[in-house]
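run.cif follows; it contains mmCIF, C-alpha atoms.
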data_my_file
#
loop_
_atom_site.group_PDB
_atom_site.id
_atom_site.type_symbol
_atom_site.label_atom_id
_atom_site.label_comp_id
_atom_site.auth_asym_id
_atom_site.auth_seq_id
_atom_site.Cartn_x
_atom_site.Cartn_y
_atom_site.Cartn_z
ATOM 1 C CA MET Q 30 -4.406 0.943 -2.759
ATOM 2 C CA SER Q 31 -6.324 -0.006 -5.875
ATOM 3 C CA ASP Q 32 -5.335 3.309 -7.506
ATOM 4 C CA SER Q 33 -1.697 2.479 -6.813
ATOM 5 C CA LYS Q 34 -2.142 -0.925 -8.439
ATOM 6 C CA LYS Q 35 -3.616 0.757 -11.529
ATOM 7 C CA ILE Q 36 -0.715 3.217 -11.648
ATOM 8 C CA LEU Q 37 1.753 0.339 -11.378
ATOM 9 C CA GLY Q 38 -0.049 -1.563 -14.135
ATOM 10 C CA VAL Q 39 0.128 1.445 -16.458
ATOM 11 C CA TRP Q 40 3.796 1.898 -15.573
ATOM 12 C CA ASP Q 41 4.581 -1.761 -16.301
ATOM 13 C CA ALA Q 42 2.898 -1.512 -19.709
ATOM 14 C CA TYR Q 43 4.790 1.704 -20.500
ATOM 15 C CA SER Q 44 8.071 0.234 -19.313
ATOM 16 C CA ASP Q 45 7.617 -2.938 -21.367
ATOM 17 C CA GLU Q 46 6.969 -0.873 -24.490
ATOM 18 C CA HIS Q 47 9.763 1.673 -23.976
ATOM 19 C CA THR Q 48 12.691 -0.499 -22.901
ATOM 20 C CA ASP Q 49 14.855 -3.024 -24.689
ATOM 21 C CA LEU Q 50 15.012 -6.691 -23.724
ATOM 22 C CA ASP Q 51 17.598 -5.918 -21.034
ATOM 23 C CA GLY Q 52 15.340 -3.275 -19.455
ATOM 24 C CA TRP Q 53 17.244 -0.221 -20.706
ATOM 25 C CA PRO Q 54 15.032 2.694 -21.801
ATOM 26 C CA HIS Q 55 14.983 3.672 -25.476
ATOM 27 C CA ASP Q 56 14.819 7.343 -24.457
ATOM 28 C CA ASP Q 57 16.340 8.053 -21.026
ATOM 29 C CA HIS Q 58 14.826 11.523 -20.731
ATOM 30 C CA ALA Q 59 11.258 10.492 -21.619
ATOM 31 C CA TYR Q 60 11.511 7.424 -19.394
ATOM 32 C CA SER Q 61 12.750 9.527 -16.477
ATOM 33 C CA LEU Q 62 9.898 12.008 -16.911
ATOM 34 C CA ARG Q 63 7.377 9.177 -16.976
ATOM 35 C CA ALA Q 64 8.942 7.609 -13.844
ATOM 36 C CA SER Q 65 8.655 10.970 -12.079
ATOM 37 C CA GLN Q 66 4.988 11.145 -13.028
ATOM 38 C CA ARG Q 67 4.471 7.568 -11.758
ATOM 39 C CA ASP Q 68 6.098 8.539 -8.455
ATOM 40 C CA ALA Q 69 3.927 11.638 -8.087
ATOM 41 C CA ASP Q 70 0.732 9.766 -9.018
ATOM 42 C CA THR Q 71 1.504 6.991 -6.535
ATOM 43 C CA ALA Q 72 2.161 9.514 -3.747
ATOM 44 C CA GLN Q 73 -1.115 11.277 -4.558
ATOM 45 C CA ALA Q 74 -3.037 7.988 -4.500
ATOM 46 C CA PHE Q 75 -1.648 7.143 -1.057
ATOM 47 C CA GLU Q 76 -2.313 10.585 0.409
ATOM 48 C CA SER Q 77 -5.948 9.828 1.271
ATOM 49 C CA LEU Q 78 -4.816 6.736 3.189
ATOM 50 C CA ARG Q 79 -1.716 8.166 4.849
ATOM 51 C CA TYR Q 80 -3.373 9.675 7.937
ATOM 52 C CA GLY Q 81 -5.314 6.503 8.772
ATOM 53 C CA ALA Q 82 -2.676 3.955 7.754
ATOM 54 C CA ARG Q 83 -1.291 3.440 11.275
ATOM 55 C CA HIS Q 84 -4.817 2.850 12.602
ATOM 56 C CA LEU Q 85 -5.490 0.329 9.821
ATOM 57 C CA LEU Q 86 -2.334 -1.584 10.743
ATOM 58 C CA VAL Q 87 -3.168 -1.678 14.455
ATOM 59 C CA THR Q 88 -6.713 -2.811 13.678
ATOM 60 C CA ALA Q 89 -5.451 -5.587 11.391
ATOM 61 C CA GLU Q 90 -2.963 -6.757 14.017
ATOM 62 C CA THR Q 91 -5.700 -6.836 16.675
ATOM 63 C CA GLN Q 92 -8.002 -8.770 14.359
ATOM 64 C CA LEU Q 93 -5.206 -11.162 13.409
ATOM 65 C CA GLY Q 94 -4.503 -11.901 17.072
ATOM 66 C CA ARG Q 95 -8.126 -12.899 17.614
ATOM 67 C CA LEU Q 96 -8.576 -15.112 14.578
ATOM 68 C CA PRO Q 97 -8.750 -18.882 14.917
ATOM 69 C CA GLU Q 98 -5.404 -20.382 13.866
ATOM 70 C CA ASP Q 99 -6.911 -22.348 11.001
ATOM 71 C CA THR Q 100 -8.104 -19.120 9.325
ATOM 72 C CA VAL Q 101 -4.760 -17.284 9.444
ATOM 73 C CA GLN Q 102 -2.558 -17.214 6.359
ATOM 74 C CA SER Q 103 1.136 -17.430 7.243
ATOM 75 C CA ARG Q 104 2.071 -14.558 4.911
ATOM 76 C CA TRP Q 105 -0.076 -12.043 6.787
ATOM 77 C CA VAL Q 106 2.389 -11.472 9.623
ATOM 78 C CA TYR Q 107 5.203 -10.870 7.128
ATOM 79 C CA GLN Q 108 3.066 -8.542 5.023
ATOM 80 C CA LEU Q 109 2.002 -6.503 8.053
ATOM 81 C CA GLY Q 110 5.699 -6.172 8.911
ATOM 82 C CA VAL Q 111 6.440 -4.877 5.413
ATOM 83 C CA LEU Q 112 3.591 -2.368 5.706
ATOM 84 C CA HIS Q 113 4.817 -1.188 9.121
ATOM 85 C CA ALA Q 114 8.387 -0.712 7.891
ATOM 86 C CA ALA Q 115 7.197 1.092 4.762
ATOM 87 C CA LEU Q 116 4.915 3.382 6.770
ATOM 88 C CA ASP Q 117 7.689 4.184 9.239
ATOM 89 C CA ARG Q 118 9.958 5.172 6.362
ATOM 90 C CA LEU Q 119 7.213 7.143 4.608
ATOM 91 C CA GLU Q 120 6.588 9.114 7.789
ATOM 92 C CA GLN Q 121 10.322 9.883 8.072
ATOM 93 C CA LEU Q 122 10.460 10.981 4.435
ATOM 94 C CA HIS Q 123 7.369 13.149 4.918
ATOM 95 C CA GLU Q 124 9.005 14.912 7.874
ATOM 96 C CA GLN Q 125 12.182 15.421 5.823
ATOM 97 C CA ARG Q 126 10.047 16.770 2.980
ATOM 98 C CA LEU Q 127 8.465 19.334 5.280
ATOM 99 C CA GLU Q 128 11.879 20.398 6.595
ATOM 100 C CA THR Q 129 13.234 20.700 3.058
ATOM 101 C CA ARG Q 130 10.197 22.685 1.937
ATOM 102 C CA ASP Q 131 10.493 25.036 4.893
ATOM 103 C CA ALA Q 132 14.207 25.572 4.156
ATOM 104 C CA LEU Q 133 13.567 26.605 0.536
ATOM 105 C CA PRO Q 134 13.780 30.302 -0.285
ATOM 106 C CA ALA Q 135 10.522 32.229 -0.179
ATOM 107 C CA THR Q 136 10.627 32.472 -3.980
ATOM 108 C CA ALA Q 137 10.467 28.654 -4.316
ATOM 109 C CA LYS Q 138 6.848 28.021 -5.188
ATOM 110 C CA PRO Q 139 5.202 25.237 -7.201
ATOM 111 C CA GLY Q 140 6.412 25.584 -10.782
ATOM 112 C CA THR Q 141 9.890 26.789 -9.817
ATOM 113 C CA THR Q 142 12.862 24.484 -10.317
ATOM 114 C CA ALA Q 143 13.868 24.500 -6.633
ATOM 115 C CA PHE Q 144 10.388 23.532 -5.435
ATOM 116 C CA ASP Q 145 9.637 21.019 -8.181
ATOM 117 C CA ASP Q 146 13.027 19.301 -7.915
ATOM 118 C CA ALA Q 147 12.689 18.901 -4.139
ATOM 119 C CA LEU Q 148 9.196 17.485 -4.553
ATOM 120 C CA ALA Q 149 10.325 15.099 -7.305
ATOM 121 C CA GLU Q 150 13.150 13.873 -5.075
ATOM 122 C CA TYR Q 151 10.685 13.231 -2.257
ATOM 123 C CA HIS Q 152 8.384 11.308 -4.584
ATOM 124 C CA ALA Q 153 11.294 9.250 -5.959
ATOM 125 C CA GLU Q 154 12.518 8.358 -2.459
ATOM 126 C CA SER Q 155 8.988 7.425 -1.374
ATOM 127 C CA TRP Q 156 8.037 5.341 -4.368
ATOM 128 C CA SER Q 157 9.367 1.927 -3.317
ATOM 129 C CA TYR Q 158 7.628 2.226 0.068
ATOM 130 C CA LEU Q 159 4.407 3.275 -1.625
ATOM 131 C CA ASP Q 160 4.831 0.280 -3.923
ATOM 132 C CA ASP Q 161 5.039 -1.920 -0.818
ATOM 133 C CA TRP Q 162 1.644 -0.546 0.220
ATOM 134 C CA ALA Q 163 0.245 -1.146 -3.252
ATOM 135 C CA THR Q 164 1.567 -4.708 -3.241
ATOM 136 C CA HIS Q 165 0.809 -5.777 0.337
ATOM 137 C CA GLY Q 166 -2.048 -3.453 1.292
ATOM 138 C CA LYS Q 167 -4.658 -5.997 0.271
ATOM 139 C CA THR Q 168 -3.624 -7.938 3.376
ATOM 140 C CA LEU Q 169 -5.527 -5.432 5.513
ATOM 141 C CA ARG Q 170 -8.740 -6.236 3.638
ATOM 142 C CA GLU Q 171 -8.066 -9.990 3.754
ATOM 143 C CA ILE Q 172 -7.574 -9.936 7.531
ATOM 144 C CA ASN Q 173 -10.685 -7.796 8.004
ATOM 145 C CA THR Q 174 -12.742 -10.181 5.873
ATOM 146 C CA ALA Q 175 -11.463 -13.177 7.842
ATOM 147 C CA ALA Q 176 -12.272 -11.398 11.109
ATOM 148 C CA ARG Q 177 -15.829 -10.617 9.997
ATOM 149 C CA LYS Q 178 -16.384 -14.262 9.010
ATOM 150 C CA ALA Q 179 -14.838 -15.725 12.160
ATOM 151 C CA PRO Q 180 -17.191 -16.864 14.887
ATOM 152 C CA SER Q 181 -17.516 -14.394 17.719
ATOM 153 C CA PRO Q 182 -16.360 -15.553 21.146
ATOM 154 C CA LEU Q 183 -19.416 -13.730 22.494
ATOM 155 C CA ALA Q 184 -21.892 -15.692 20.371
ATOM 156 C CA PRO Q 185 -23.528 -18.764 21.903
ATOM 157 C CA ALA Q 186 -22.317 -22.105 20.615
ATOM 158 C CA PRO Q 187 -24.443 -23.422 17.763
ATOM 159 C CA ALA Q 188 -27.134 -25.888 18.765
ATOM 160 C CA PRO Q 189 -26.455 -29.497 17.754
ATOM 161 C CA ALA Q 190 -28.028 -30.505 14.467
ATOM 162 C CA ALA Q 191 -31.367 -32.277 14.755
ATOM 163 C CA ASP Q 192 -31.163 -36.033 14.541
ATOM 164 C CA ARG Q 193 -31.854 -36.828 10.923
ATOM 165 C CA ARG Q 194 -32.984 -40.356 11.787
ATOM 166 C CA SER Q 195 -36.253 -39.163 13.325
ATOM 167 C CA PRO Q 196 -39.271 -40.909 11.984
ATOM 168 C CA ALA Q 197 -40.824 -39.456 8.889
ATOM 169 C CA ARG Q 198 -44.214 -37.857 9.232
ATOM 170 C CA LYS Q 199 -47.066 -39.481 7.526
#
Translate the structure described by the file into structure tokens.
Amino acid sequence: MSDSKKILGVWDAYSDEHTDLDGWPHDDHAYSLRASQRDADTAQAFESLRYGARHLLVTAETQLGRLPEDTVQSRWVYQLGVLHAALDRLEQLHEQRLETRDALPATAKPGTTAFDDALAEYHAESWSYLDDWATHGKTLREINTAARKAPSPLAPAPAPAADRRSPARK
């Protein structure tokens, strides 16, 4: 998730420098190539998380359900919903990508137009959902931190504080 944030930061800096005040690129071709690279880099950064993402969401939801109300931030439920929806769509796009790849001619290998164009299309379609993970993924860490700091229902109640009015020792 932090790699995705770095990629987005680099993209924002590039975009600011290479667009006019209305957001139109100075060079459409160069801008498009750079956007394709951003999409590919973001997909690559998420790849190490993709297989465990569903587990992370379920864990966060379980932790959230056990937190004391006064420690829960109201945005967490919304953000987990965004992450779920994005992951659902990413999984659908991944399945479509595999079907598309399998339907390519045997001569379509990395470096060929057919292969590279299909991959670029997949990355472009995935990017906004990957951006959702880059933007809202920190929620998983926030919920985990809150859960680790929350008192355990299994722990004994803390002993009452000693009476501070006890006589001073001489």
| Which one is closest to Ala64 of chain Q: Q:Ala132, Q:Leu93, Q:Ala163, Q:Ile36? Count all atoms listed in the file. |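 Smallest distance to Ala64 of chain Q is found for Q:Ile36.
Distances to Asn173 of chain Q were evaluated for Q:Gly81, Q:Gly140, Q:Pro134, Q:Gly94 using all atoms listed in the file, and the minimum falls at Q:Gly94.
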| message | I'd like to know which of Q:Thr100, Q:Ser155, Q:Thr174, Q:Gln92 is closest to Thr71 of chain Q, using all atoms listed in the file. | response | Q:Ser155
| field | Distance of atom CA of Asp70 of chain Q from atom CA of His123 of chain Q, expressed in Å to one decimal place | value | 15.8 Å
| note | Between Q:Glu90, Q:Glu46, Q:Asp146, Q:Asp117, smallest distance to Trp162 of chain Q by only C-alpha atoms belongs to Q:Asp117
| request: Find the distance between atom CA of Gly166 of chain Q and atom CA of Ala147 of chain Q and write it in Å to one decimal. | output: 27.3 Å
| Distance of atom CA of Thr129 of chain Q from atom CA of Glu150 of chain Q, expressed in Å to one decimal place | 10.6 Å
| remark: Of Q:Gln125, Q:Thr48, Q:Gln108, Q:Gln73, the one sitting nearest Thr168 of chain Q when using only C-alpha atoms is Q:Gln108
| task | Compute the distance from (7.7, 0.5, 5.3) to each atom, counting only C-alpha atoms, keep the residues with any atom at most 12 Å away, and return them as a PyMOL selection string; use the coordinates of the file. | result | chain Q and resi 82-83+86+107-122+155-166
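Nearest to Glu154 of chain Q of all the residues Q:Arg126, Q:His58, Q:Arg63, Q:His47 is Q:Arg126, based on only C-alpha atoms.
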Using all atoms of segment 148-155 of chain Q that appear in the file, construct an axis-aligned enclosing box with 3 Å of padding on every side and provide its centre coordinates and edge lengths in Å, rounded to one decimal, as JSON.
{"center_x": 10.8, "center_y": 12.5, "center_z": -4.3, "size_x": 10.8, "size_y": 16.1, "size_z": 11.9}
